[in-house]
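The file final11.txt contains compact mmCIF, C-alpha atoms and all ligand atoms:
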```txt
# COMPACT_ATOMS: atom_id res chain seq x y z
CA MET A 1158 32.07 -34.74 -86.97
CA ARG A 1159 34.79 -32.20 -86.09
CA SER A 1160 34.21 -30.32 -82.84
CA SER A 1161 34.83 -26.61 -82.50
CA LYS A 1162 36.72 -24.92 -79.71
CA ALA A 1163 35.73 -21.37 -80.74
CA THR A 1164 33.71 -19.21 -78.36
CA LEU A 1165 30.17 -18.19 -79.32
CA PRO A 1166 31.07 -14.56 -80.20
CA GLU A 1167 33.85 -15.90 -82.46
CA LEU A 1168 31.36 -18.22 -84.20
CA LEU A 1169 28.98 -15.35 -84.75
CA ALA A 1170 31.58 -12.94 -86.17
CA PRO A 1171 30.17 -13.01 -89.75
CA VAL A 1172 26.89 -11.53 -88.48
CA ALA A 1173 28.29 -9.29 -85.70
CA PRO A 1174 26.88 -6.01 -87.15
CA GLY A 1175 23.42 -7.61 -87.61
CA LEU A 1176 23.52 -8.93 -84.05
CA GLU A 1177 24.36 -5.49 -82.75
CA ARG A 1178 21.33 -4.06 -84.56
CA MET A 1179 19.17 -6.93 -83.27
CA ARG A 1180 20.27 -6.23 -79.69
CA ALA A 1181 19.55 -2.49 -80.02
CA LEU A 1182 16.06 -3.28 -81.36
CA LEU A 1183 15.47 -5.76 -78.57
CA ALA A 1184 16.52 -3.27 -75.90
CA ALA A 1185 14.17 -0.65 -77.39
CA GLN A 1186 11.25 -3.10 -77.49
CA ILE A 1187 11.79 -4.45 -73.98
CA HIS A 1188 12.01 -0.97 -72.47
CA GLU A 1189 8.78 0.43 -70.99
CA GLY A 1190 8.28 3.96 -69.72
CA SER A 1191 5.70 3.24 -66.99
CA PRO A 1192 7.58 3.41 -63.66
CA ALA A 1193 5.63 0.40 -62.30
CA VAL A 1194 6.79 -1.74 -65.20
CA ARG A 1195 10.27 -0.36 -65.85
CA ASP A 1196 11.80 -2.31 -62.99
CA MET A 1197 10.42 -5.52 -64.45
CA THR A 1198 11.47 -4.85 -68.02
CA ASP A 1199 14.95 -3.85 -66.79
CA HIS A 1200 15.05 -7.21 -65.04
CA VAL A 1201 14.00 -9.08 -68.19
CA ALA A 1202 16.63 -7.19 -70.18
CA ARG A 1203 19.21 -8.92 -67.97
CA PHE A 1204 17.99 -12.30 -69.30
CA GLN A 1205 20.55 -12.04 -72.12
CA GLY A 1206 20.96 -15.64 -73.20
CA LYS A 1207 22.90 -17.10 -76.08
CA GLN A 1208 20.45 -15.60 -78.62
CA LEU A 1209 20.97 -18.62 -80.88
CA ARG A 1210 17.61 -18.25 -82.61
CA GLY A 1211 18.19 -14.61 -83.55
CA ALA A 1212 21.71 -15.45 -84.68
CA LEU A 1213 20.33 -18.24 -86.89
CA VAL A 1214 18.01 -15.80 -88.69
CA LEU A 1215 21.04 -13.70 -89.58
CA LEU A 1216 23.38 -16.60 -90.38
CA THR A 1217 20.95 -18.50 -92.61
CA GLY A 1218 20.25 -15.20 -94.39
CA GLU A 1219 23.97 -14.70 -95.07
CA ALA A 1220 24.62 -18.33 -95.96
CA THR A 1221 21.77 -18.43 -98.49
CA GLY A 1222 22.60 -15.02 -99.97
CA ASN A 1223 19.29 -13.65 -98.69
CA THR A 1224 20.20 -10.58 -96.67
CA THR A 1225 17.83 -7.64 -96.25
CA ASP A 1226 17.79 -4.54 -94.06
CA GLU A 1227 14.91 -6.17 -92.18
CA HIS A 1228 16.71 -9.34 -91.09
CA ALA A 1229 17.86 -7.72 -87.82
CA SER A 1230 14.22 -6.88 -87.01
CA VAL A 1231 13.12 -10.43 -87.83
CA ALA A 1232 15.88 -11.73 -85.54
CA ALA A 1233 14.73 -9.38 -82.72
CA ILE A 1234 11.11 -10.55 -83.16
CA VAL A 1235 12.16 -14.20 -82.90
CA GLU A 1236 14.16 -13.43 -79.74
CA LEU A 1237 11.23 -11.49 -78.20
CA ILE A 1238 8.92 -14.44 -78.75
CA HIS A 1239 11.52 -16.77 -77.28
CA LEU A 1240 11.84 -14.51 -74.23
CA ALA A 1241 8.04 -14.40 -73.78
CA THR A 1242 7.88 -18.20 -73.88
CA LEU A 1243 10.62 -18.50 -71.24
CA VAL A 1244 8.87 -16.08 -68.87
CA HIS A 1245 5.69 -18.16 -69.21
CA ASP A 1246 7.57 -21.47 -69.08
CA ASP A 1247 9.17 -20.58 -65.74
CA ILE A 1248 5.68 -20.18 -64.25
CA LEU A 1249 4.66 -23.61 -65.54
CA ASP A 1250 7.88 -25.18 -64.24
CA GLY A 1251 7.92 -23.30 -60.94
CA ALA A 1252 11.51 -22.37 -61.81
CA GLU A 1253 13.53 -19.99 -59.62
CA VAL A 1254 16.61 -19.05 -61.62
CA ARG A 1255 17.10 -18.47 -65.35
CA ARG A 1256 20.24 -17.13 -67.02
CA ARG A 1257 21.73 -16.65 -63.56
CA VAL A 1258 19.03 -14.19 -62.44
CA ALA A 1259 15.80 -14.72 -60.53
CA CYS A 1260 12.85 -15.76 -62.72
CA VAL A 1261 10.08 -13.15 -63.00
CA ASN A 1262 7.64 -15.49 -61.17
CA GLN A 1263 10.17 -15.67 -58.35
CA ARG A 1264 11.26 -12.03 -58.10
CA TRP A 1265 7.59 -10.91 -58.38
CA ASP A 1266 4.84 -13.50 -58.78
CA ASN A 1267 2.97 -15.64 -61.32
CA GLN A 1268 0.47 -12.90 -62.18
CA ILE A 1269 3.21 -10.45 -63.06
CA ALA A 1270 5.02 -13.13 -65.07
CA VAL A 1271 1.89 -13.92 -67.14
CA LEU A 1272 1.44 -10.25 -67.93
CA LEU A 1273 5.10 -9.60 -68.67
CA GLY A 1274 5.21 -12.59 -71.04
CA ASP A 1275 2.13 -11.17 -72.80
CA PHE A 1276 3.81 -7.75 -72.93
CA LEU A 1277 6.88 -9.22 -74.67
CA TYR A 1278 4.72 -11.21 -77.07
CA ALA A 1279 2.71 -8.07 -77.95
CA ARG A 1280 5.95 -6.16 -78.55
CA ALA A 1281 7.13 -8.88 -80.94
CA PHE A 1282 4.00 -8.60 -83.04
CA ALA A 1283 3.98 -4.79 -82.91
CA LEU A 1284 7.49 -4.84 -84.38
CA SER A 1285 6.45 -7.33 -87.04
CA THR A 1286 3.70 -4.98 -88.26
CA GLN A 1287 6.44 -2.51 -89.22
CA LEU A 1288 7.98 -4.97 -91.69
CA SER A 1289 7.35 -4.78 -95.42
CA SER A 1290 6.28 -8.45 -95.69
CA ARG A 1291 3.69 -10.34 -93.65
CA LEU A 1292 5.68 -13.57 -93.90
CA CYS A 1293 7.32 -13.02 -90.49
CA SER A 1294 4.09 -12.45 -88.54
CA ARG A 1295 2.29 -15.23 -90.43
CA LEU A 1296 5.01 -17.81 -89.82
CA LEU A 1297 5.57 -16.81 -86.20
CA ALA A 1298 1.85 -16.76 -85.33
CA GLU A 1299 1.66 -20.33 -86.67
CA THR A 1300 4.85 -21.25 -84.80
CA THR A 1301 3.43 -19.89 -81.53
CA ARG A 1302 0.30 -21.97 -82.04
CA VAL A 1303 2.40 -25.11 -82.55
CA LEU A 1304 4.58 -24.28 -79.57
CA CYS A 1305 1.56 -23.82 -77.27
CA VAL A 1306 0.07 -27.11 -78.49
CA GLY A 1307 3.42 -28.79 -77.69
CA GLU A 1308 3.38 -27.35 -74.16
CA ILE A 1309 -0.23 -28.47 -73.64
CA GLU A 1310 0.54 -31.98 -74.92
CA GLN A 1311 3.58 -32.13 -72.65
CA SER A 1312 1.39 -31.19 -69.72
CA THR A 1313 -1.12 -33.95 -70.51
CA ARG A 1314 1.69 -36.56 -70.67
CA ARG A 1315 3.19 -35.80 -67.25
CA TYR A 1316 4.00 -38.97 -65.27
CA ASP A 1317 3.23 -41.06 -68.37
CA PHE A 1318 6.01 -43.66 -68.61
CA GLU A 1319 4.17 -45.39 -71.47
CA MET A 1320 5.11 -42.51 -73.76
CA SER A 1321 7.30 -43.62 -76.68
CA PRO A 1322 10.53 -41.86 -77.75
CA GLU A 1323 8.67 -40.85 -80.94
CA GLU A 1324 5.94 -39.18 -78.88
CA TYR A 1325 8.60 -37.39 -76.81
CA GLU A 1326 10.17 -36.12 -80.04
CA LYS A 1327 6.82 -34.93 -81.36
CA ILE A 1328 6.29 -32.83 -78.23
CA ALA A 1329 9.87 -31.49 -78.14
CA GLY A 1330 9.62 -30.81 -81.86
CA ALA A 1331 6.54 -28.67 -81.27
CA LYS A 1332 7.56 -26.82 -78.12
CA THR A 1333 11.21 -26.14 -79.01
CA ALA A 1334 12.23 -27.13 -82.53
CA SER A 1335 9.40 -25.18 -84.17
CA LEU A 1336 10.97 -21.82 -83.28
CA TYR A 1337 14.41 -22.96 -84.49
CA ALA A 1338 12.79 -24.09 -87.75
CA ALA A 1339 11.02 -20.75 -88.14
CA ALA A 1340 14.24 -18.81 -87.45
CA CYS A 1341 16.13 -20.71 -90.16
CA GLU A 1342 13.25 -20.54 -92.65
CA LEU A 1343 12.83 -16.79 -92.16
CA GLY A 1344 16.57 -16.23 -92.53
CA ALA A 1345 16.61 -18.14 -95.80
CA ARG A 1346 13.48 -16.74 -97.37
CA TYR A 1347 12.22 -13.53 -95.75
CA PRO A 1348 10.53 -11.46 -97.30
CA GLY A 1349 9.11 -14.16 -99.61
CA GLY A 1350 11.80 -15.97 -101.46
CA ASN A 1351 12.60 -19.49 -102.44
CA LEU A 1352 10.11 -21.93 -100.87
CA GLU A 1353 12.27 -25.03 -101.39
CA LEU A 1354 15.32 -23.39 -99.83
CA GLY A 1355 13.18 -22.15 -96.93
CA ALA A 1356 11.83 -25.66 -96.36
CA ARG A 1357 15.34 -27.14 -96.45
CA MET A 1358 16.64 -24.66 -93.88
CA ALA A 1359 13.49 -25.13 -91.74
CA GLU A 1360 14.26 -28.86 -91.70
CA ALA A 1361 17.84 -28.17 -90.59
CA GLY A 1362 16.55 -25.82 -87.87
CA ARG A 1363 14.01 -28.40 -86.73
CA ALA A 1364 16.67 -31.10 -86.36
CA LEU A 1365 18.94 -28.69 -84.50
CA GLY A 1366 16.10 -27.54 -82.21
CA LEU A 1367 15.23 -31.12 -81.32
CA ALA A 1368 18.90 -31.83 -80.56
CA PHE A 1369 18.96 -28.66 -78.42
CA GLN A 1370 15.97 -29.85 -76.36
CA ILE A 1371 17.44 -33.33 -75.90
CA VAL A 1372 20.73 -31.85 -74.65
CA ASP A 1373 18.71 -29.47 -72.43
CA ASP A 1374 16.82 -32.40 -70.93
CA CYS A 1375 20.09 -34.24 -70.26
CA LEU A 1376 21.52 -31.14 -68.54
CA ASP A 1377 18.40 -30.82 -66.36
CA LEU A 1378 19.34 -34.23 -64.97
CA THR A 1379 23.11 -33.98 -64.79
CA ALA A 1380 24.20 -30.33 -64.50
CA ARG A 1381 24.75 -28.24 -61.40
CA GLU A 1382 22.63 -25.08 -61.07
CA GLU A 1383 25.72 -22.83 -60.64
CA GLU A 1384 27.12 -24.04 -63.97
CA LEU A 1385 23.85 -24.12 -65.91
CA GLY A 1386 22.63 -20.74 -64.63
CA LYS A 1387 19.06 -22.01 -64.25
CA THR A 1388 17.11 -24.22 -61.85
CA VAL A 1389 17.92 -27.89 -62.44
CA GLY A 1390 15.78 -30.97 -61.79
CA THR A 1391 12.54 -29.19 -62.69
CA ASP A 1392 11.58 -31.92 -65.18
CA VAL A 1393 11.56 -34.62 -62.50
CA GLU A 1394 9.84 -32.27 -60.05
CA ASP A 1395 7.10 -31.51 -62.59
CA GLY A 1396 6.58 -35.07 -63.78
CA LYS A 1397 8.08 -34.49 -67.25
CA ILE A 1398 9.37 -37.77 -68.69
CA THR A 1399 12.25 -36.64 -70.86
CA LEU A 1400 14.16 -38.75 -73.39
CA PRO A 1401 17.12 -39.73 -71.14
CA VAL A 1402 14.73 -40.86 -68.37
CA LEU A 1403 12.47 -42.63 -70.84
CA LEU A 1404 15.39 -44.56 -72.33
CA ALA A 1405 16.74 -45.49 -68.89
CA TYR A 1406 13.23 -46.57 -67.81
CA ARG A 1407 12.66 -48.72 -70.88
CA ALA A 1408 16.00 -50.52 -70.36
CA ALA A 1409 15.41 -51.10 -66.62
CA PRO A 1410 14.06 -54.26 -64.92
CA GLU A 1411 10.58 -54.05 -63.35
CA ARG A 1412 11.90 -53.38 -59.81
CA THR A 1413 13.96 -50.43 -61.02
CA ARG A 1414 11.00 -49.14 -63.01
CA ASP A 1415 8.96 -49.09 -59.80
CA ALA A 1416 11.75 -47.16 -58.09
CA ILE A 1417 11.90 -44.63 -60.95
CA ARG A 1418 8.15 -44.03 -60.76
CA ASP A 1419 8.48 -43.73 -57.00
CA ALA A 1420 11.17 -41.02 -57.35
CA TYR A 1421 8.70 -39.05 -59.50
CA THR A 1422 5.63 -39.51 -57.36
CA ARG A 1423 6.36 -40.35 -53.69
CA PRO A 1424 4.75 -37.56 -51.61
CA ASP A 1425 7.02 -35.12 -49.79
CA LEU A 1426 10.25 -36.24 -51.44
CA ALA A 1427 12.64 -33.30 -51.05
CA ASP A 1428 15.06 -34.07 -53.89
CA ARG A 1429 13.40 -36.05 -56.69
CA ARG A 1430 16.31 -35.69 -59.13
CA GLY A 1431 18.73 -37.00 -56.48
CA ALA A 1432 16.41 -39.93 -55.75
CA LEU A 1433 16.12 -40.75 -59.46
CA LEU A 1434 19.89 -40.66 -59.98
CA GLU A 1435 20.28 -43.06 -57.06
CA VAL A 1436 17.80 -45.71 -58.19
CA CYS A 1437 18.63 -46.13 -61.87
CA ASP A 1438 21.31 -45.91 -64.52
CA VAL A 1439 20.44 -42.41 -65.73
CA GLU A 1440 23.90 -42.14 -67.26
CA SER A 1441 23.16 -44.77 -69.89
CA GLY A 1442 19.89 -42.98 -70.76
CA VAL A 1443 21.86 -39.73 -71.09
CA LEU A 1444 24.43 -41.39 -73.35
CA GLN A 1445 21.73 -42.83 -75.61
CA ALA A 1446 19.87 -39.52 -75.71
CA HIS A 1447 23.12 -37.75 -76.63
CA ALA A 1448 23.66 -40.25 -79.43
CA ARG A 1449 20.21 -39.31 -80.79
CA ALA A 1450 21.07 -35.60 -80.52
CA LYS A 1451 24.30 -36.26 -82.45
CA GLU A 1452 22.34 -38.06 -85.17
CA LEU A 1453 20.00 -35.06 -85.46
CA VAL A 1454 22.89 -32.60 -85.64
CA GLU A 1455 24.47 -34.74 -88.36
CA SER A 1456 21.26 -34.53 -90.41
CA ALA A 1457 21.14 -30.74 -89.85
CA LEU A 1458 24.77 -30.49 -91.00
CA ALA A 1459 23.99 -32.50 -94.14
CA LEU A 1460 21.18 -30.08 -95.04
CA VAL A 1461 23.34 -27.00 -94.46
CA GLY A 1462 26.12 -28.73 -96.41
CA THR A 1463 23.97 -28.35 -99.55
CA LEU A 1464 24.57 -24.56 -99.43
CA PRO A 1465 27.56 -23.07 -101.25
CA PRO A 1466 30.66 -22.82 -99.02
CA SER A 1467 30.91 -19.50 -97.15
CA GLU A 1468 32.06 -18.06 -93.87
CA ALA A 1469 28.42 -17.91 -92.72
CA ARG A 1470 27.81 -21.58 -93.60
CA ARG A 1471 30.92 -22.53 -91.63
CA SER A 1472 29.57 -20.52 -88.67
CA ILE A 1473 26.24 -22.36 -88.82
CA GLU A 1474 28.05 -25.69 -88.85
CA ARG A 1475 30.14 -24.70 -85.85
CA LEU A 1476 27.04 -23.41 -84.07
CA PHE A 1477 25.38 -26.81 -84.56
CA LEU A 1478 28.39 -28.51 -82.94
CA PHE A 1479 28.32 -25.92 -80.15
CA VAL A 1480 24.70 -26.86 -79.38
CA LEU A 1481 25.64 -30.54 -79.16
CA ALA A 1482 28.61 -29.91 -76.87
CA ARG A 1483 27.07 -27.20 -74.67
CA GLU A 1484 27.24 -27.52 -70.93
CA GLN A 1485 25.10 -24.48 -70.15
C1 LIG B 1501 11.36 -24.48 -72.45
O1 LIG B 1501 11.23 -25.83 -72.19
C2 LIG B 1501 10.08 -23.95 -73.01
C3 LIG B 1501 9.72 -23.86 -74.29
C4 LIG B 1501 10.62 -24.33 -75.35
C5 LIG B 1501 8.43 -23.30 -74.75
C6 LIG B 1501 7.54 -22.74 -73.68
C7 LIG B 1501 6.28 -22.15 -74.26
C8 LIG B 1501 5.22 -21.73 -73.57
C9 LIG B 1501 5.16 -21.84 -72.08
C10 LIG B 1501 4.04 -21.08 -74.29
C11 LIG B 1501 4.19 -19.57 -74.22
C12 LIG B 1501 3.21 -18.90 -75.07
C13 LIG B 1501 3.27 -17.58 -75.44
C14 LIG B 1501 2.18 -17.04 -76.25
C15 LIG B 1501 4.35 -16.65 -75.05
P1 LIG B 1501 11.93 -26.49 -70.92
O2 LIG B 1501 11.12 -26.20 -69.71
O3 LIG B 1501 12.17 -27.91 -71.24
O4 LIG B 1501 13.34 -25.74 -70.89
P2 LIG B 1501 14.04 -24.93 -69.72
O5 LIG B 1501 14.92 -25.92 -69.06
O6 LIG B 1501 14.86 -23.87 -70.43
O7 LIG B 1501 13.02 -24.35 -68.83
MG MG B 1502 11.31 -24.91 -68.23
```

Have the structure of the file written as structure tokens, please.
Ligand code: FPP
Ligand code: MG
Amino acid sequence: MRSSKATLPELLAPVAPGLERMRALLAAQIHEGSPAVRDMTDHVARFQGKQLRGALVLLTGEATGNTTDEHASVAAIVELIHLATLVHDDILDGAEVRRRVACVNQRWDNQIAVLLGDFLYARAFALSTQLSSRLCSRLLAETTRVLCVGEIEQSTRRYDFEMSPEEYEKIAGAKTASLYAAACELGARYPGGNLELGARMAEAGRALGLAFQIVDDCLDLTAREEELGKTVGTDVEDGKITLPVLLAYRAAPERTRDAIRDAYTRPDLADRRGALLEVCDVESGVLQAHARAKELVESALALVGTLPPSEARRSIERLFLFVLAREQ
């Protein structure tokens, strides 16, 4: 697997005009005239992340020869849904910082964050009603259902060290990979298009999304907040047993297992992540989890490798490697 040293904007050059249109649409949808709300939507507009999901809609469209005037809108809708899920997720995680700015639940409160997430979600579906095909709203409504089920299942498995790596992947697949899969499927087949090609690209997106979540879970354990731009250690704080912890736990002797559970559950522990890193070999869990993420990226690359060679296909391949190597 060759790594790529290019920056993200360089990788996305083949779809730069589409991305510009996507960003203009996003800005228009996020904006709200009501003075009470404008401050909040201006704040959310500063949550400009990597926009990987929107970029994938455009790139898979280009790489499969399926480009329409509506792809930029589809990309904006996917990004709006992603943004809504993050605003809600930060409430669930009690997070303080996201994309280097205060989370909505922190700057205001949980009630405002629930409503603002709903606002963004409504805007996504309002935009989708303007499209000529219902495929986008149909697929994304189903994706949102799957994603919510994943979040609920994750919540029911908190503090559950008996969870298997397969069960972890099922949850991460639902809560994160489903939106990546939808982005790639929509790119390849919106407004209707080739079902088999759509399924193949969805599979690539699903593998990439799972790799993304695994890397994200490793970073929650190992990264520093200043570098990552978001609150770290929230998984341990919230009782989420992520793949690197699960793998370290399963390899540990009984005494270490007790200490791991203690780091998660002992009352009034100020720094649970610090305690966890002290009592067990988290590094080996991280290495094994990374190896799994690499395997998933390799399978995503193999699927994309079935497309005819093009600049867009090369960008997708480099984007996949970027996800694997990311440190923020
Ligand atoms: C990030 O996970 C969160 C998600 C991938 C999905 C969150 C989805 C919801 C809360 C449901 C929202 C529903 C609607 C209708 C908008 P993470 O906490 O592991 O990642 P993080 O480190 O970026 O917070
Ligand atoms: Mg979170």

Please identify every polymer residue within 9 Å of ligand MG 1502 (chain B), using all atoms listed in the file, and present the set as an mmCIF file with C-alpha atoms, in the coordinates of the input.
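Below you can see part.cif, which holds the result:
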```
data_model
loop_
_atom_site.group_PDB
_atom_site.id
_atom_site.type_symbol
_atom_site.label_atom_id
_atom_site.label_comp_id
_atom_site.auth_asym_id
_atom_site.auth_seq_id
_atom_site.Cartn_x
_atom_site.Cartn_y
_atom_site.Cartn_z
ATOM 1 C CA LEU A 1243 10.620 -18.500 -71.240
ATOM 2 C CA HIS A 1245 5.690 -18.160 -69.210
ATOM 3 C CA ASP A 1246 7.570 -21.470 -69.080
ATOM 4 C CA ASP A 1247 9.170 -20.580 -65.740
ATOM 5 C CA ILE A 1248 5.680 -20.180 -64.250
ATOM 6 C CA LEU A 1249 4.660 -23.610 -65.540
ATOM 7 C CA ASP A 1250 7.880 -25.180 -64.240
ATOM 8 C CA GLY A 1251 7.920 -23.300 -60.940
ATOM 9 C CA ALA A 1252 11.510 -22.370 -61.810
ATOM 10 C CA THR A 1388 17.110 -24.220 -61.850
ATOM 11 C CA THR A 1391 12.540 -29.190 -62.690
ATOM 12 C CA ASP A 1392 11.580 -31.920 -65.180
#
```

Item to check | Residue nearest ligand LIG 1501 (chain B) among A:Cys1375, A:Leu1288, A:Val1402, A:Ile1269 (counting only C-alpha atoms and all ligand atoms) | outcome: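 Ranking A:Cys1375, A:Leu1288, A:Val1402, A:Ile1269 by distance to ligand LIG 1501 (chain B), first place goes to A:Cys1375.
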
Checklist entry - Using all atoms listed in the file, what are the residues with an atom within 6 Å of ligand LIG 1501 (chain B), set out as a list of chain:residue names? => result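 The neighbouring residues of ligand LIG 1501 (chain B) are, in order, A:Ala1241, A:Thr1242, A:Leu1243, A:His1245, A:Asp1246, A:Gly1274, A:Tyr1278, A:Leu1304, A:Cys1305, A:Glu1308, A:Lys1332, A:Thr1333.
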
Checklist entry - Could you state the separation of CA of Leu1182 in chain A and CA of Ala1364 in chain A in Å, given to one decimal place? => result 28.3 Å

Checklist outcome for this item: Pairwise distance, CA of Asp1428 in chain A with CA of Gly1330 in chain A, equals 28.7 Å

Checklist entry - Could you state the separation of CA of Arg1475 in chain A and CA of Leu1216 in chain A in Å, given to one decimal place? => result 11.5 Å

Checklist entry - Can you list, as a list of chain:residue names, every protein, DNA or RNA residue that comes within 9 Å of Leu1354 in chain A when you count all atoms listed in the file, leaving out same-chain residues fewer than 3 positions away? => result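 Listing them by chain and then by number gives A:Thr1221, A:Glu1342, A:Ala1345, A:Arg1346, A:Gly1350, A:Asn1351, A:Arg1357, A:Met1358, A:Ala1359.
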
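Near Ala1339 in chain A, within 8 Å and counting all atoms listed in the file, sit Leu1296, Leu1297, Thr1300, Ser1335, Leu1336, Glu1342, Leu1343, Ala1359 and Gly1362 of chain A; same-chain residues fewer than 3 positions away were not included.
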
Item to check | Selection: 12 Å around Glu1177 in chain A, all atoms listed in the file, excl. self and same-chain fewer than 6 positions, as a list in words | outcome: Pro1166, Leu1169, Ala1170, Pro1171, Leu1183, Ala1184, Gln1208, Gly1211, Ala1212, Leu1215, His1228, Ala1229, Ser1230, Ala1232 and Ala1233 of chain A

Item to check | Nearest residue to Thr1399 in chain A from the set A:Val1194, A:Ala1329, A:Ala1450, A:Val1306 (distances using all atoms listed in the file) | outcome: A:Ala1329

Give me the residues near Thr1164 in chain A as a JSON list (two decimals) with C-alpha atoms, keeping the file's coordinate frame, where near means some atom within 10 Å (using all atoms listed in the file) and where sequence neighbours in that chain fewer than 3 positions away do not count.
```
[["chain", "number", "residue", "atom", "x", "y", "z"],
["A", 1161, "SER", "CA", 34.83, -26.61, -82.50],
["A", 1167, "GLU", "CA", 33.85, -15.90, -82.46],
["A", 1168, "LEU", "CA", 31.36, -18.22, -84.20],
["A", 1169, "LEU", "CA", 28.98, -15.35, -84.75],
["A", 1475, "ARG", "CA", 30.14, -24.70, -85.85],
["A", 1476, "LEU", "CA", 27.04, -23.41, -84.07],
["A", 1479, "PHE", "CA", 28.32, -25.92, -80.15]]
```

Item to check | Pick from A:Thr1463, A:Leu1426, A:Arg1203, A:Arg1407 nearest to Ala1259 in chain A, counting only C-alpha atoms | outcome: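 With only C-alpha atoms as the atom set, the closest residue is A:Arg1203.
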
Checklist entry - For Arg1280 in chain A, which of A:Ala1368, A:Arg1256, A:His1188, A:Pro1401 is the closest residue, counting only C-alpha atoms? => result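 When distances to Arg1280 in chain A are compared using only C-alpha atoms, the smallest one comes from A:His1188.
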
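Comparing A:Arg1195, A:Leu1176, A:Ala1181, A:Gly1222 by their smallest distance to Pro1466 in chain A, the closest is A:Gly1222 (using only C-alpha atoms).
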
Next on the checklist: Given only C-alpha atoms as the basis, pick out the residue of A:Val1271, A:Gly1349, A:Arg1257, A:Ala1220 nearest to Arg1291 in chain A.
Outcome noted: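 Comparing A:Val1271, A:Gly1349, A:Arg1257, A:Ala1220 against Arg1291 in chain A, the winner is A:Gly1349.
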
Item to check | Who sits within 9 Å of range 1312-1327 of chain A, all atoms listed in the file, same chain under 3 positions skipped, as JSON, numbers by chain | outcome: {"A": [1307, 1308, 1309, 1330, 1331, 1332, 1367, 1371, 1395, 1396, 1397, 1398, 1399, 1400, 1403, 1404, 1406, 1407, 1418, 1421, 1422]}

Checklist entry - So which residues are close to (25.4, -23.1, -69.2), meaning at most 7 Å away in the file's coordinates with all atoms listed in the file counted, and can you show them as a list in words? => result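 Every polymer residue passing the test: Glu1384, Leu1385, Gly1386, Glu1484 and Gln1485 of chain A.
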
Item to check | Protein, DNA and RNA residues within 12 Å of (11.1, -1.2, -70.3), only C-alpha atoms, as a list in words | outcome: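 Residues found, by chain and rising number: Leu1183, Ala1184, Ala1185, Gln1186, Ile1187, His1188, Glu1189, Gly1190, Ser1191, Pro1192, Ala1193, Val1194, Arg1195, Asp1196, Met1197, Thr1198, Asp1199, His1200, Val1201, Ala1202, Arg1203, Leu1273, Phe1276, Leu1277 and Arg1280 of chain A.
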